[in-house]
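Data from data.cif: mmCIF, N, CA and C atoms
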```cif
data_protein
loop_
_atom_site.group_PDB
_atom_site.id
_atom_site.type_symbol
_atom_site.label_atom_id
_atom_site.label_comp_id
_atom_site.auth_asym_id
_atom_site.auth_seq_id
_atom_site.Cartn_x
_atom_site.Cartn_y
_atom_site.Cartn_z
ATOM 1 N N MET X 2 -41.907 -55.135 -10.476
ATOM 2 C CA MET X 2 -41.337 -54.567 -11.668
ATOM 3 C C MET X 2 -40.098 -55.364 -12.064
ATOM 4 N N ALA X 3 -39.898 -55.549 -13.349
ATOM 5 C CA ALA X 3 -38.754 -56.297 -13.851
ATOM 6 C C ALA X 3 -37.461 -55.521 -13.630
ATOM 7 N N ARG X 4 -36.394 -56.246 -13.471
ATOM 8 C CA ARG X 4 -35.067 -55.640 -13.300
ATOM 9 C C ARG X 4 -34.647 -54.968 -14.591
ATOM 10 N N LEU X 5 -34.085 -53.792 -14.494
ATOM 11 C CA LEU X 5 -33.594 -53.039 -15.638
ATOM 12 C C LEU X 5 -32.259 -53.621 -16.080
ATOM 13 N N ASN X 6 -32.095 -53.824 -17.370
ATOM 14 C CA ASN X 6 -30.854 -54.358 -17.910
ATOM 15 C C ASN X 6 -30.222 -53.372 -18.883
ATOM 16 N N PRO X 7 -28.907 -53.205 -18.812
ATOM 17 C CA PRO X 7 -28.242 -52.337 -19.772
ATOM 18 C C PRO X 7 -28.260 -52.978 -21.164
ATOM 19 N N PRO X 8 -28.116 -52.184 -22.189
ATOM 20 C CA PRO X 8 -27.860 -50.747 -22.197
ATOM 21 C C PRO X 8 -29.126 -49.950 -21.896
ATOM 22 N N VAL X 9 -28.914 -48.722 -21.366
ATOM 23 C CA VAL X 9 -30.030 -47.853 -21.007
ATOM 24 C C VAL X 9 -29.788 -46.427 -21.499
ATOM 25 N N LEU X 10 -30.873 -45.693 -21.633
ATOM 26 C CA LEU X 10 -30.858 -44.255 -21.877
ATOM 27 C C LEU X 10 -31.530 -43.584 -20.697
ATOM 28 N N ILE X 11 -31.305 -42.281 -20.558
ATOM 29 C CA ILE X 11 -32.060 -41.493 -19.597
ATOM 30 C C ILE X 11 -33.111 -40.731 -20.392
ATOM 31 N N THR X 12 -34.363 -40.899 -20.002
ATOM 32 C CA THR X 12 -35.466 -40.207 -20.664
ATOM 33 C C THR X 12 -36.252 -39.426 -19.628
ATOM 34 N N ALA X 13 -36.992 -38.436 -20.105
ATOM 35 C CA ALA X 13 -37.825 -37.599 -19.231
ATOM 36 C C ALA X 13 -38.838 -36.896 -20.120
ATOM 37 N N ASN X 14 -39.566 -35.974 -19.519
ATOM 38 C CA ASN X 14 -40.435 -35.087 -20.277
ATOM 39 C C ASN X 14 -39.945 -33.667 -20.050
ATOM 40 N N ALA X 15 -39.978 -32.862 -21.099
ATOM 41 C CA ALA X 15 -39.571 -31.463 -20.983
ATOM 42 C C ALA X 15 -40.571 -30.721 -20.109
ATOM 43 N N LEU X 16 -40.076 -29.934 -19.180
ATOM 44 C CA LEU X 16 -40.945 -29.163 -18.303
ATOM 45 C C LEU X 16 -41.796 -28.199 -19.128
ATOM 46 N N ALA X 17 -41.180 -27.539 -20.082
ATOM 47 C CA ALA X 17 -41.914 -26.627 -20.964
ATOM 48 C C ALA X 17 -42.401 -27.418 -22.174
ATOM 49 N N GLY X 18 -43.654 -27.751 -22.206
ATOM 50 C CA GLY X 18 -44.229 -28.422 -23.363
ATOM 51 C C GLY X 18 -44.501 -29.895 -23.198
ATOM 52 N N GLY X 19 -43.804 -30.563 -22.300
ATOM 53 C CA GLY X 19 -44.083 -31.965 -22.013
ATOM 54 C C GLY X 19 -43.548 -32.988 -22.992
ATOM 55 N N GLU X 20 -42.783 -32.576 -24.002
ATOM 56 C CA GLU X 20 -42.293 -33.519 -24.998
ATOM 57 C C GLU X 20 -41.336 -34.544 -24.385
ATOM 58 N N VAL X 21 -41.365 -35.754 -24.919
ATOM 59 C CA VAL X 21 -40.434 -36.803 -24.507
ATOM 60 C C VAL X 21 -39.040 -36.389 -24.973
ATOM 61 N N ILE X 22 -38.063 -36.476 -24.062
ATOM 62 C CA ILE X 22 -36.690 -36.092 -24.384
ATOM 63 C C ILE X 22 -35.712 -37.133 -23.848
ATOM 64 N N TYR X 23 -34.497 -37.109 -24.413
ATOM 65 C CA TYR X 23 -33.449 -38.074 -24.076
ATOM 66 C C TYR X 23 -32.154 -37.322 -23.802
ATOM 67 N N LEU X 24 -31.412 -37.759 -22.783
ATOM 68 C CA LEU X 24 -30.137 -37.123 -22.453
ATOM 69 C C LEU X 24 -29.083 -37.531 -23.467
ATOM 70 N N THR X 25 -28.360 -36.546 -23.996
ATOM 71 C CA THR X 25 -27.330 -36.803 -25.004
ATOM 72 C C THR X 25 -25.956 -36.939 -24.360
ATOM 73 N N GLU X 26 -24.991 -37.322 -25.166
ATOM 74 C CA GLU X 26 -23.609 -37.437 -24.696
ATOM 75 C C GLU X 26 -23.078 -36.093 -24.210
ATOM 76 N N GLN X 27 -23.576 -34.997 -24.784
ATOM 77 C CA GLN X 27 -23.144 -33.651 -24.401
ATOM 78 C C GLN X 27 -23.875 -33.140 -23.157
ATOM 79 N N GLN X 28 -24.691 -34.013 -22.527
ATOM 80 C CA GLN X 28 -25.454 -33.653 -21.324
ATOM 81 C C GLN X 28 -26.510 -32.590 -21.612
ATOM 82 N N THR X 29 -27.041 -32.601 -22.830
ATOM 83 C CA THR X 29 -28.180 -31.769 -23.196
ATOM 84 C C THR X 29 -29.348 -32.702 -23.457
ATOM 85 N N TRP X 30 -30.522 -32.145 -23.701
ATOM 86 C CA TRP X 30 -31.714 -32.958 -23.947
ATOM 87 C C TRP X 30 -32.122 -32.856 -25.407
ATOM 88 N N SER X 31 -32.523 -33.970 -25.984
ATOM 89 C CA SER X 31 -32.958 -34.020 -27.378
ATOM 90 C C SER X 31 -34.293 -34.760 -27.472
ATOM 91 N N PRO X 32 -35.165 -34.330 -28.381
ATOM 92 C CA PRO X 32 -36.418 -35.061 -28.586
ATOM 93 C C PRO X 32 -36.249 -36.316 -29.447
ATOM 94 N N ARG X 33 -35.047 -36.559 -29.940
ATOM 95 C CA ARG X 33 -34.800 -37.704 -30.824
ATOM 96 C C ARG X 33 -34.074 -38.826 -30.067
ATOM 97 N N ILE X 34 -34.679 -39.994 -30.052
ATOM 98 C CA ILE X 34 -34.117 -41.123 -29.312
ATOM 99 C C ILE X 34 -32.716 -41.481 -29.799
ATOM 100 N N ASN X 35 -32.452 -41.331 -31.092
ATOM 101 C CA ASN X 35 -31.132 -41.680 -31.623
ATOM 102 C C ASN X 35 -30.032 -40.713 -31.194
ATOM 103 N N ASP X 36 -30.411 -39.572 -30.619
ATOM 104 C CA ASP X 36 -29.428 -38.641 -30.053
ATOM 105 C C ASP X 36 -29.061 -39.019 -28.623
ATOM 106 N N GLY X 37 -29.819 -39.934 -28.029
ATOM 107 C CA GLY X 37 -29.601 -40.313 -26.637
ATOM 108 C C GLY X 37 -28.275 -41.026 -26.422
ATOM 109 N N PHE X 38 -27.677 -40.771 -25.258
ATOM 110 C CA PHE X 38 -26.419 -41.415 -24.892
ATOM 111 C C PHE X 38 -26.712 -42.756 -24.236
ATOM 112 N N ILE X 39 -26.076 -43.787 -24.719
ATOM 113 C CA ILE X 39 -26.278 -45.140 -24.204
ATOM 114 C C ILE X 39 -25.304 -45.406 -23.061
ATOM 115 N N PHE X 40 -25.858 -45.769 -21.916
ATOM 116 C CA PHE X 40 -25.063 -46.162 -20.757
ATOM 117 C C PHE X 40 -25.049 -47.687 -20.678
ATOM 118 N N ASN X 41 -23.876 -48.264 -20.466
ATOM 119 C CA ASN X 41 -23.769 -49.705 -20.271
ATOM 120 C C ASN X 41 -23.597 -50.073 -18.808
ATOM 121 N N ASP X 42 -23.459 -49.054 -17.958
ATOM 122 C CA ASP X 42 -23.301 -49.264 -16.527
ATOM 123 C C ASP X 42 -24.479 -48.614 -15.797
ATOM 124 N N LEU X 43 -25.282 -49.408 -15.117
ATOM 125 C CA LEU X 43 -26.474 -48.896 -14.447
ATOM 126 C C LEU X 43 -26.155 -47.921 -13.320
ATOM 127 N N ASP X 44 -25.086 -48.159 -12.583
ATOM 128 C CA ASP X 44 -24.734 -47.261 -11.484
ATOM 129 C C ASP X 44 -24.379 -45.875 -12.006
ATOM 130 N N THR X 45 -23.599 -45.820 -13.076
ATOM 131 C CA THR X 45 -23.242 -44.534 -13.679
ATOM 132 C C THR X 45 -24.485 -43.838 -14.216
ATOM 133 N N ALA X 46 -25.321 -44.577 -14.920
ATOM 134 C CA ALA X 46 -26.546 -44.004 -15.479
ATOM 135 C C ALA X 46 -27.433 -43.451 -14.370
ATOM 136 N N ASN X 47 -27.570 -44.183 -13.297
ATOM 137 C CA ASN X 47 -28.406 -43.740 -12.184
ATOM 138 C C ASN X 47 -27.845 -42.484 -11.526
ATOM 139 N N THR X 48 -26.521 -42.422 -11.363
ATOM 140 C CA THR X 48 -25.889 -41.242 -10.772
ATOM 141 C C THR X 48 -26.133 -40.008 -11.640
ATOM 142 N N VAL X 49 -25.944 -40.154 -12.938
ATOM 143 C CA VAL X 49 -26.180 -39.033 -13.864
ATOM 144 C C VAL X 49 -27.657 -38.633 -13.832
ATOM 145 N N MET X 50 -28.552 -39.606 -13.841
ATOM 146 C CA MET X 50 -29.978 -39.314 -13.829
ATOM 147 C C MET X 50 -30.378 -38.534 -12.581
ATOM 148 N N VAL X 51 -29.887 -38.949 -11.427
ATOM 149 C CA VAL X 51 -30.212 -38.261 -10.177
ATOM 150 C C VAL X 51 -29.702 -36.818 -10.222
ATOM 151 N N ALA X 52 -28.504 -36.617 -10.728
ATOM 152 C CA ALA X 52 -27.949 -35.263 -10.832
ATOM 153 C C ALA X 52 -28.782 -34.400 -11.777
ATOM 154 N N ARG X 53 -29.199 -34.955 -12.883
ATOM 155 C CA ARG X 53 -30.005 -34.199 -13.853
ATOM 156 C C ARG X 53 -31.415 -33.951 -13.339
ATOM 157 N N ALA X 54 -31.919 -34.808 -12.475
ATOM 158 C CA ALA X 54 -33.270 -34.657 -11.934
ATOM 159 C C ALA X 54 -33.381 -33.422 -11.055
ATOM 160 N N LEU X 55 -32.263 -32.941 -10.538
ATOM 161 C CA LEU X 55 -32.270 -31.766 -9.680
ATOM 162 C C LEU X 55 -32.420 -30.471 -10.463
ATOM 163 N N GLU X 56 -32.258 -30.538 -11.771
ATOM 164 C CA GLU X 56 -32.417 -29.358 -12.610
ATOM 165 C C GLU X 56 -33.904 -29.113 -12.851
ATOM 166 N N HIS X 57 -34.228 -27.933 -13.289
ATOM 167 C CA HIS X 57 -35.631 -27.567 -13.418
ATOM 168 C C HIS X 57 -36.125 -27.536 -14.857
ATOM 169 N N GLU X 58 -35.468 -28.274 -15.758
ATOM 170 C CA GLU X 58 -35.928 -28.280 -17.147
ATOM 171 C C GLU X 58 -36.636 -29.568 -17.533
ATOM 172 N N VAL X 59 -36.635 -30.570 -16.643
ATOM 173 C CA VAL X 59 -37.266 -31.854 -16.961
ATOM 174 C C VAL X 59 -38.186 -32.320 -15.840
ATOM 175 N N VAL X 60 -39.090 -33.232 -16.220
ATOM 176 C CA VAL X 60 -40.014 -33.830 -15.267
ATOM 177 C C VAL X 60 -39.888 -35.345 -15.375
ATOM 178 N N GLY X 61 -39.777 -36.010 -14.245
ATOM 179 C CA GLY X 61 -39.830 -37.465 -14.190
ATOM 180 C C GLY X 61 -38.763 -38.227 -14.938
ATOM 181 N N PRO X 62 -37.484 -37.875 -14.817
ATOM 182 C CA PRO X 62 -36.464 -38.649 -15.528
ATOM 183 C C PRO X 62 -36.378 -40.077 -14.998
ATOM 184 N N TYR X 63 -36.105 -41.004 -15.899
ATOM 185 C CA TYR X 63 -35.909 -42.400 -15.512
ATOM 186 C C TYR X 63 -35.048 -43.101 -16.547
ATOM 187 N N LEU X 64 -34.549 -44.272 -16.171
ATOM 188 C CA LEU X 64 -33.735 -45.081 -17.077
ATOM 189 C C LEU X 64 -34.644 -45.996 -17.872
ATOM 190 N N MET X 65 -34.319 -46.172 -19.149
ATOM 191 C CA MET X 65 -35.076 -47.099 -19.988
ATOM 192 C C MET X 65 -34.115 -48.021 -20.717
ATOM 193 N N SER X 66 -34.432 -49.308 -20.744
ATOM 194 C CA SER X 66 -33.619 -50.285 -21.473
ATOM 195 C C SER X 66 -33.827 -50.094 -22.969
ATOM 196 N N VAL X 67 -32.740 -50.220 -23.719
ATOM 197 C CA VAL X 67 -32.811 -50.041 -25.168
ATOM 198 C C VAL X 67 -32.108 -51.171 -25.901
ATOM 199 N N LEU X 68 -32.415 -51.250 -27.177
ATOM 200 C CA LEU X 68 -31.729 -52.129 -28.120
ATOM 201 C C LEU X 68 -31.157 -51.249 -29.216
ATOM 202 N N VAL X 69 -30.017 -51.640 -29.768
ATOM 203 C CA VAL X 69 -29.471 -50.932 -30.916
ATOM 204 C C VAL X 69 -29.507 -51.892 -32.088
ATOM 205 N N ASP X 70 -30.241 -51.498 -33.130
ATOM 206 C CA ASP X 70 -30.441 -52.337 -34.302
ATOM 207 C C ASP X 70 -30.056 -51.543 -35.544
ATOM 208 N N ASN X 71 -28.976 -51.953 -36.201
ATOM 209 C CA ASN X 71 -28.483 -51.245 -37.395
ATOM 210 C C ASN X 71 -28.259 -49.764 -37.120
ATOM 211 N N GLY X 72 -27.687 -49.447 -35.978
ATOM 212 C CA GLY X 72 -27.387 -48.069 -35.619
ATOM 213 C C GLY X 72 -28.576 -47.269 -35.124
ATOM 214 N N GLN X 73 -29.748 -47.877 -35.036
ATOM 215 C CA GLN X 73 -30.951 -47.200 -34.566
ATOM 216 C C GLN X 73 -31.264 -47.651 -33.143
ATOM 217 N N ILE X 74 -31.552 -46.699 -32.282
ATOM 218 C CA ILE X 74 -31.893 -47.009 -30.900
ATOM 219 C C ILE X 74 -33.399 -47.214 -30.802
ATOM 220 N N LYS X 75 -33.778 -48.274 -30.111
ATOM 221 C CA LYS X 75 -35.197 -48.574 -29.898
ATOM 222 C C LYS X 75 -35.388 -48.994 -28.448
ATOM 223 N N GLY X 76 -36.518 -48.612 -27.891
ATOM 224 C CA GLY X 76 -36.862 -49.069 -26.553
ATOM 225 C C GLY X 76 -37.086 -50.570 -26.558
ATOM 226 N N GLN X 77 -36.774 -51.231 -25.450
ATOM 227 C CA GLN X 77 -36.964 -52.681 -25.383
ATOM 228 C C GLN X 77 -38.419 -53.078 -25.172
ATOM 229 N N ASP X 78 -39.287 -52.105 -24.932
ATOM 230 C CA ASP X 78 -40.697 -52.462 -24.755
ATOM 231 C C ASP X 78 -41.597 -51.538 -25.572
ATOM 232 N N TYR X 79 -42.829 -51.939 -25.694
ATOM 233 C CA TYR X 79 -43.805 -51.223 -26.508
ATOM 234 C C TYR X 79 -43.982 -49.777 -26.043
ATOM 235 N N ARG X 80 -44.087 -49.581 -24.738
ATOM 236 C CA ARG X 80 -44.319 -48.235 -24.201
ATOM 237 C C ARG X 80 -43.249 -47.257 -24.648
ATOM 238 N N GLU X 81 -41.985 -47.655 -24.542
ATOM 239 C CA GLU X 81 -40.898 -46.742 -24.906
ATOM 240 C C GLU X 81 -40.839 -46.494 -26.409
ATOM 241 N N ASN X 82 -41.138 -47.498 -27.201
ATOM 242 C CA ASN X 82 -41.193 -47.272 -28.651
ATOM 243 C C ASN X 82 -42.312 -46.297 -28.988
ATOM 244 N N PHE X 83 -43.440 -46.445 -28.330
ATOM 245 C CA PHE X 83 -44.588 -45.569 -28.533
ATOM 246 C C PHE X 83 -44.236 -44.134 -28.135
ATOM 247 N N ARG X 84 -43.619 -43.952 -26.968
ATOM 248 C CA ARG X 84 -43.220 -42.619 -26.497
ATOM 249 C C ARG X 84 -42.255 -41.950 -27.466
ATOM 250 N N SER X 85 -41.356 -42.725 -28.070
ATOM 251 C CA SER X 85 -40.341 -42.137 -28.951
ATOM 252 C C SER X 85 -40.915 -41.609 -30.261
ATOM 253 N N GLN X 86 -42.152 -42.002 -30.591
ATOM 254 C CA GLN X 86 -42.774 -41.564 -31.838
ATOM 255 C C GLN X 86 -43.417 -40.188 -31.735
ATOM 256 N N GLY X 87 -43.573 -39.678 -30.539
ATOM 257 C CA GLY X 87 -44.151 -38.348 -30.377
ATOM 258 C C GLY X 87 -45.627 -38.388 -30.052
ATOM 259 N N PRO X 88 -46.230 -37.222 -29.883
ATOM 260 C CA PRO X 88 -47.644 -37.135 -29.506
ATOM 261 C C PRO X 88 -48.546 -37.810 -30.543
ATOM 262 N N THR X 89 -49.652 -38.349 -30.085
ATOM 263 C CA THR X 89 -50.573 -39.037 -30.987
ATOM 264 C C THR X 89 -51.828 -38.239 -31.257
ATOM 265 N N ASN X 90 -51.982 -37.097 -30.625
ATOM 266 C CA ASN X 90 -53.227 -36.364 -30.791
ATOM 267 C C ASN X 90 -53.246 -35.454 -32.011
ATOM 268 N N TYR X 91 -52.112 -35.044 -32.539
ATOM 269 C CA TYR X 91 -52.044 -34.253 -33.758
ATOM 270 C C TYR X 91 -50.617 -34.278 -34.288
ATOM 271 N N TRP X 92 -50.446 -33.908 -35.559
ATOM 272 C CA TRP X 92 -49.139 -33.982 -36.206
ATOM 273 C C TRP X 92 -48.316 -32.752 -35.879
ATOM 274 N N HIS X 93 -47.259 -32.954 -35.132
ATOM 275 C CA HIS X 93 -46.276 -31.904 -34.881
ATOM 276 C C HIS X 93 -44.998 -32.564 -34.387
ATOM 277 N N GLY X 94 -43.968 -31.802 -34.250
ATOM 278 C CA GLY X 94 -42.713 -32.348 -33.732
ATOM 279 C C GLY X 94 -42.186 -33.496 -34.564
ATOM 280 N N LYS X 95 -41.845 -34.590 -33.922
ATOM 281 C CA LYS X 95 -41.242 -35.745 -34.591
ATOM 282 C C LYS X 95 -42.163 -36.340 -35.643
ATOM 283 N N GLN X 96 -43.465 -36.331 -35.391
ATOM 284 C CA GLN X 96 -44.388 -36.906 -36.367
ATOM 285 C C GLN X 96 -44.417 -36.089 -37.644
ATOM 286 N N ALA X 97 -44.404 -34.777 -37.546
ATOM 287 C CA ALA X 97 -44.426 -33.921 -38.726
ATOM 288 C C ALA X 97 -43.162 -34.101 -39.553
ATOM 289 N N GLU X 98 -42.047 -34.350 -38.891
ATOM 290 C CA GLU X 98 -40.783 -34.555 -39.607
ATOM 291 C C GLU X 98 -40.766 -35.854 -40.379
ATOM 292 N N ASN X 99 -41.528 -36.855 -39.928
ATOM 293 C CA ASN X 99 -41.502 -38.181 -40.535
ATOM 294 C C ASN X 99 -42.656 -38.457 -41.483
ATOM 295 N N ASP X 100 -43.580 -37.514 -41.641
ATOM 296 C CA ASP X 100 -44.768 -37.780 -42.444
ATOM 297 C C ASP X 100 -45.298 -36.467 -42.978
ATOM 298 N N ASP X 101 -45.744 -36.479 -44.204
ATOM 299 C CA ASP X 101 -46.278 -35.268 -44.812
ATOM 300 C C ASP X 101 -47.771 -35.103 -44.567
ATOM 301 N N ALA X 102 -48.380 -36.023 -43.838
ATOM 302 C CA ALA X 102 -49.825 -35.944 -43.578
ATOM 303 C C ALA X 102 -50.138 -34.746 -42.696
ATOM 304 N N SER X 103 -51.269 -34.160 -42.931
ATOM 305 C CA SER X 103 -51.706 -33.059 -42.074
ATOM 306 C C SER X 103 -53.131 -33.313 -41.627
ATOM 307 N N VAL X 104 -53.481 -32.672 -40.535
ATOM 308 C CA VAL X 104 -54.817 -32.865 -39.968
ATOM 309 C C VAL X 104 -55.732 -31.810 -40.523
#
```
Written as structure tokens, how would this file's structure read?
Amino acid sequence: MARLNPPVLITANALAGGEVIYLTEQQTWSPRINDGFIFNDLDTANTVMVARALEHEVVGPYLMSVLVDNGQIKGQDYRENFRSQGPTNYWHGKQAENDDASV
């Protein structure tokens, strides 16, 4: 596996519902990647992630490398960009907010 490089966010899946979520500066979880808190220090990010992993509201937290482009946060790889767009099986959540299409 490639070495993780800062900046990073902490991401996980919500225990209730499974939605992709991101840790915010206020130490809460948000389904919006742009609400995520950017860590520039991997040791600090890892310490916070481990502490949050002990709580029972998330599943599988991990650090993800990000890029900031014109104030927008994006994952550095295809997988993370794909995850940030929301579920692909039907329109709800983030997808419904960004598109008027319905199934």
Would you mind listing what lies within 6 Å of Asp36 (chain X) as a tab-separated table (two decimals) with N, CA and C atoms, in the coordinates of the input, with all atoms listed in the file counted and same-chain residues fewer than 2 positions away left out?
```tsv
chain	number	residue	atom	x	y	z
X	23	TYR	N	-34.50	-37.11	-24.41
X	23	TYR	CA	-33.45	-38.07	-24.08
X	23	TYR	C	-32.15	-37.32	-23.80
X	24	LEU	N	-31.41	-37.76	-22.78
X	24	LEU	CA	-30.14	-37.12	-22.45
X	24	LEU	C	-29.08	-37.53	-23.47
X	25	THR	N	-28.36	-36.55	-24.00
X	25	THR	CA	-27.33	-36.80	-25.00
X	25	THR	C	-25.96	-36.94	-24.36
X	26	GLU	N	-24.99	-37.32	-25.17
X	26	GLU	CA	-23.61	-37.44	-24.70
X	26	GLU	C	-23.08	-36.09	-24.21
X	33	ARG	N	-35.05	-36.56	-29.94
X	33	ARG	CA	-34.80	-37.70	-30.82
X	33	ARG	C	-34.07	-38.83	-30.07
X	34	ILE	N	-34.68	-39.99	-30.05
X	34	ILE	CA	-34.12	-41.12	-29.31
X	34	ILE	C	-32.72	-41.48	-29.80
X	38	PHE	N	-27.68	-40.77	-25.26
X	38	PHE	CA	-26.42	-41.42	-24.89
X	38	PHE	C	-26.71	-42.76	-24.24
```
Which of chain X fall in alpha helix (DSSP H), as a PyMOL selection string: chain X and resi 43-54+79-85+95-99
Test item, strand (DSSP E or B) assignment across region 20-77 of chain X, answer as an MDAnalysis selection string: chainID X and resid 21:25 30:31 37 40 59:70 73:76
For the residues in that selection, give me N, CA and C atoms as a PDB file, keeping the file's coordinate frame.
```pdb
ATOM      1  N   VAL X  21     -41.365 -35.754 -24.919  1.00  0.00           N
ATOM      2  CA  VAL X  21     -40.434 -36.803 -24.507  1.00  0.00           C
ATOM      3  C   VAL X  21     -39.040 -36.389 -24.973  1.00  0.00           C
ATOM      4  N   ILE X  22     -38.063 -36.476 -24.062  1.00  0.00           N
ATOM      5  CA  ILE X  22     -36.690 -36.092 -24.384  1.00  0.00           C
ATOM      6  C   ILE X  22     -35.712 -37.133 -23.848  1.00  0.00           C
ATOM      7  N   TYR X  23     -34.497 -37.109 -24.413  1.00  0.00           N
ATOM      8  CA  TYR X  23     -33.449 -38.074 -24.076  1.00  0.00           C
ATOM      9  C   TYR X  23     -32.154 -37.322 -23.802  1.00  0.00           C
ATOM     10  N   LEU X  24     -31.412 -37.759 -22.783  1.00  0.00           N
ATOM     11  CA  LEU X  24     -30.137 -37.123 -22.453  1.00  0.00           C
ATOM     12  C   LEU X  24     -29.083 -37.531 -23.467  1.00  0.00           C
ATOM     13  N   THR X  25     -28.360 -36.546 -23.996  1.00  0.00           N
ATOM     14  CA  THR X  25     -27.330 -36.803 -25.004  1.00  0.00           C
ATOM     15  C   THR X  25     -25.956 -36.939 -24.360  1.00  0.00           C
ATOM     16  N   TRP X  30     -30.522 -32.145 -23.701  1.00  0.00           N
ATOM     17  CA  TRP X  30     -31.714 -32.958 -23.947  1.00  0.00           C
ATOM     18  C   TRP X  30     -32.122 -32.856 -25.407  1.00  0.00           C
ATOM     19  N   SER X  31     -32.523 -33.970 -25.984  1.00  0.00           N
ATOM     20  CA  SER X  31     -32.958 -34.020 -27.378  1.00  0.00           C
ATOM     21  C   SER X  31     -34.293 -34.760 -27.472  1.00  0.00           C
ATOM     22  N   GLY X  37     -29.819 -39.934 -28.029  1.00  0.00           N
ATOM     23  CA  GLY X  37     -29.601 -40.313 -26.637  1.00  0.00           C
ATOM     24  C   GLY X  37     -28.275 -41.026 -26.422  1.00  0.00           C
ATOM     25  N   PHE X  40     -25.858 -45.769 -21.916  1.00  0.00           N
ATOM     26  CA  PHE X  40     -25.063 -46.162 -20.757  1.00  0.00           C
ATOM     27  C   PHE X  40     -25.049 -47.687 -20.678  1.00  0.00           C
ATOM     28  N   VAL X  59     -36.635 -30.570 -16.643  1.00  0.00           N
ATOM     29  CA  VAL X  59     -37.266 -31.854 -16.961  1.00  0.00           C
ATOM     30  C   VAL X  59     -38.186 -32.320 -15.840  1.00  0.00           C
ATOM     31  N   VAL X  60     -39.090 -33.232 -16.220  1.00  0.00           N
ATOM     32  CA  VAL X  60     -40.014 -33.830 -15.267  1.00  0.00           C
ATOM     33  C   VAL X  60     -39.888 -35.345 -15.375  1.00  0.00           C
ATOM     34  N   GLY X  61     -39.777 -36.010 -14.245  1.00  0.00           N
ATOM     35  CA  GLY X  61     -39.830 -37.465 -14.190  1.00  0.00           C
ATOM     36  C   GLY X  61     -38.763 -38.227 -14.938  1.00  0.00           C
ATOM     37  N   PRO X  62     -37.484 -37.875 -14.817  1.00  0.00           N
ATOM     38  CA  PRO X  62     -36.464 -38.649 -15.528  1.00  0.00           C
ATOM     39  C   PRO X  62     -36.378 -40.077 -14.998  1.00  0.00           C
ATOM     40  N   TYR X  63     -36.105 -41.004 -15.899  1.00  0.00           N
ATOM     41  CA  TYR X  63     -35.909 -42.400 -15.512  1.00  0.00           C
ATOM     42  C   TYR X  63     -35.048 -43.101 -16.547  1.00  0.00           C
ATOM     43  N   LEU X  64     -34.549 -44.272 -16.171  1.00  0.00           N
ATOM     44  CA  LEU X  64     -33.735 -45.081 -17.077  1.00  0.00           C
ATOM     45  C   LEU X  64     -34.644 -45.996 -17.872  1.00  0.00           C
ATOM     46  N   MET X  65     -34.319 -46.172 -19.149  1.00  0.00           N
ATOM     47  CA  MET X  65     -35.076 -47.099 -19.988  1.00  0.00           C
ATOM     48  C   MET X  65     -34.115 -48.021 -20.717  1.00  0.00           C
ATOM     49  N   SER X  66     -34.432 -49.308 -20.744  1.00  0.00           N
ATOM     50  CA  SER X  66     -33.619 -50.285 -21.473  1.00  0.00           C
ATOM     51  C   SER X  66     -33.827 -50.094 -22.969  1.00  0.00           C
ATOM     52  N   VAL X  67     -32.740 -50.220 -23.719  1.00  0.00           N
ATOM     53  CA  VAL X  67     -32.811 -50.041 -25.168  1.00  0.00           C
ATOM     54  C   VAL X  67     -32.108 -51.171 -25.901  1.00  0.00           C
ATOM     55  N   LEU X  68     -32.415 -51.250 -27.177  1.00  0.00           N
ATOM     56  CA  LEU X  68     -31.729 -52.129 -28.120  1.00  0.00           C
ATOM     57  C   LEU X  68     -31.157 -51.249 -29.216  1.00  0.00           C
ATOM     58  N   VAL X  69     -30.017 -51.640 -29.768  1.00  0.00           N
ATOM     59  CA  VAL X  69     -29.471 -50.932 -30.916  1.00  0.00           C
ATOM     60  C   VAL X  69     -29.507 -51.892 -32.088  1.00  0.00           C
ATOM     61  N   ASP X  70     -30.241 -51.498 -33.130  1.00  0.00           N
ATOM     62  CA  ASP X  70     -30.441 -52.337 -34.302  1.00  0.00           C
ATOM     63  C   ASP X  70     -30.056 -51.543 -35.544  1.00  0.00           C
ATOM     64  N   GLN X  73     -29.748 -47.877 -35.036  1.00  0.00           N
ATOM     65  CA  GLN X  73     -30.951 -47.200 -34.566  1.00  0.00           C
ATOM     66  C   GLN X  73     -31.264 -47.651 -33.143  1.00  0.00           C
ATOM     67  N   ILE X  74     -31.552 -46.699 -32.282  1.00  0.00           N
ATOM     68  CA  ILE X  74     -31.893 -47.009 -30.900  1.00  0.00           C
ATOM     69  C   ILE X  74     -33.399 -47.214 -30.802  1.00  0.00           C
ATOM     70  N   LYS X  75     -33.778 -48.274 -30.111  1.00  0.00           N
ATOM     71  CA  LYS X  75     -35.197 -48.574 -29.898  1.00  0.00           C
ATOM     72  C   LYS X  75     -35.388 -48.994 -28.448  1.00  0.00           C
ATOM     73  N   GLY X  76     -36.518 -48.612 -27.891  1.00  0.00           N
ATOM     74  CA  GLY X  76     -36.862 -49.069 -26.553  1.00  0.00           C
ATOM     75  C   GLY X  76     -37.086 -50.570 -26.558  1.00  0.00           C
TER      76      GLY X  76
END
```
Chain and number of each residue from the PyMOL selection byres ((chain X and resi 63) around 6), as an NGL selection string: :X and (10-13 or 61-62 or 64-65)
Using all atoms listed in the file: which of X:Ala17, X:Val69, X:Ala52, X:Leu43 has the shortest distance to Leu5 (chain X):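 Once distances to Leu5 (chain X) are computed over all atoms listed in the file, the minimum belongs to X:Leu43.
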Distance in Å - atom N of Ile39 (chain X) versus atom C of Ile22 (chain X): 11.7 Å
Pairwise distance for CA of Thr48 (chain X) and CA of Leu68 (chain X), rounded to one decimal in Å: 21.3 Å
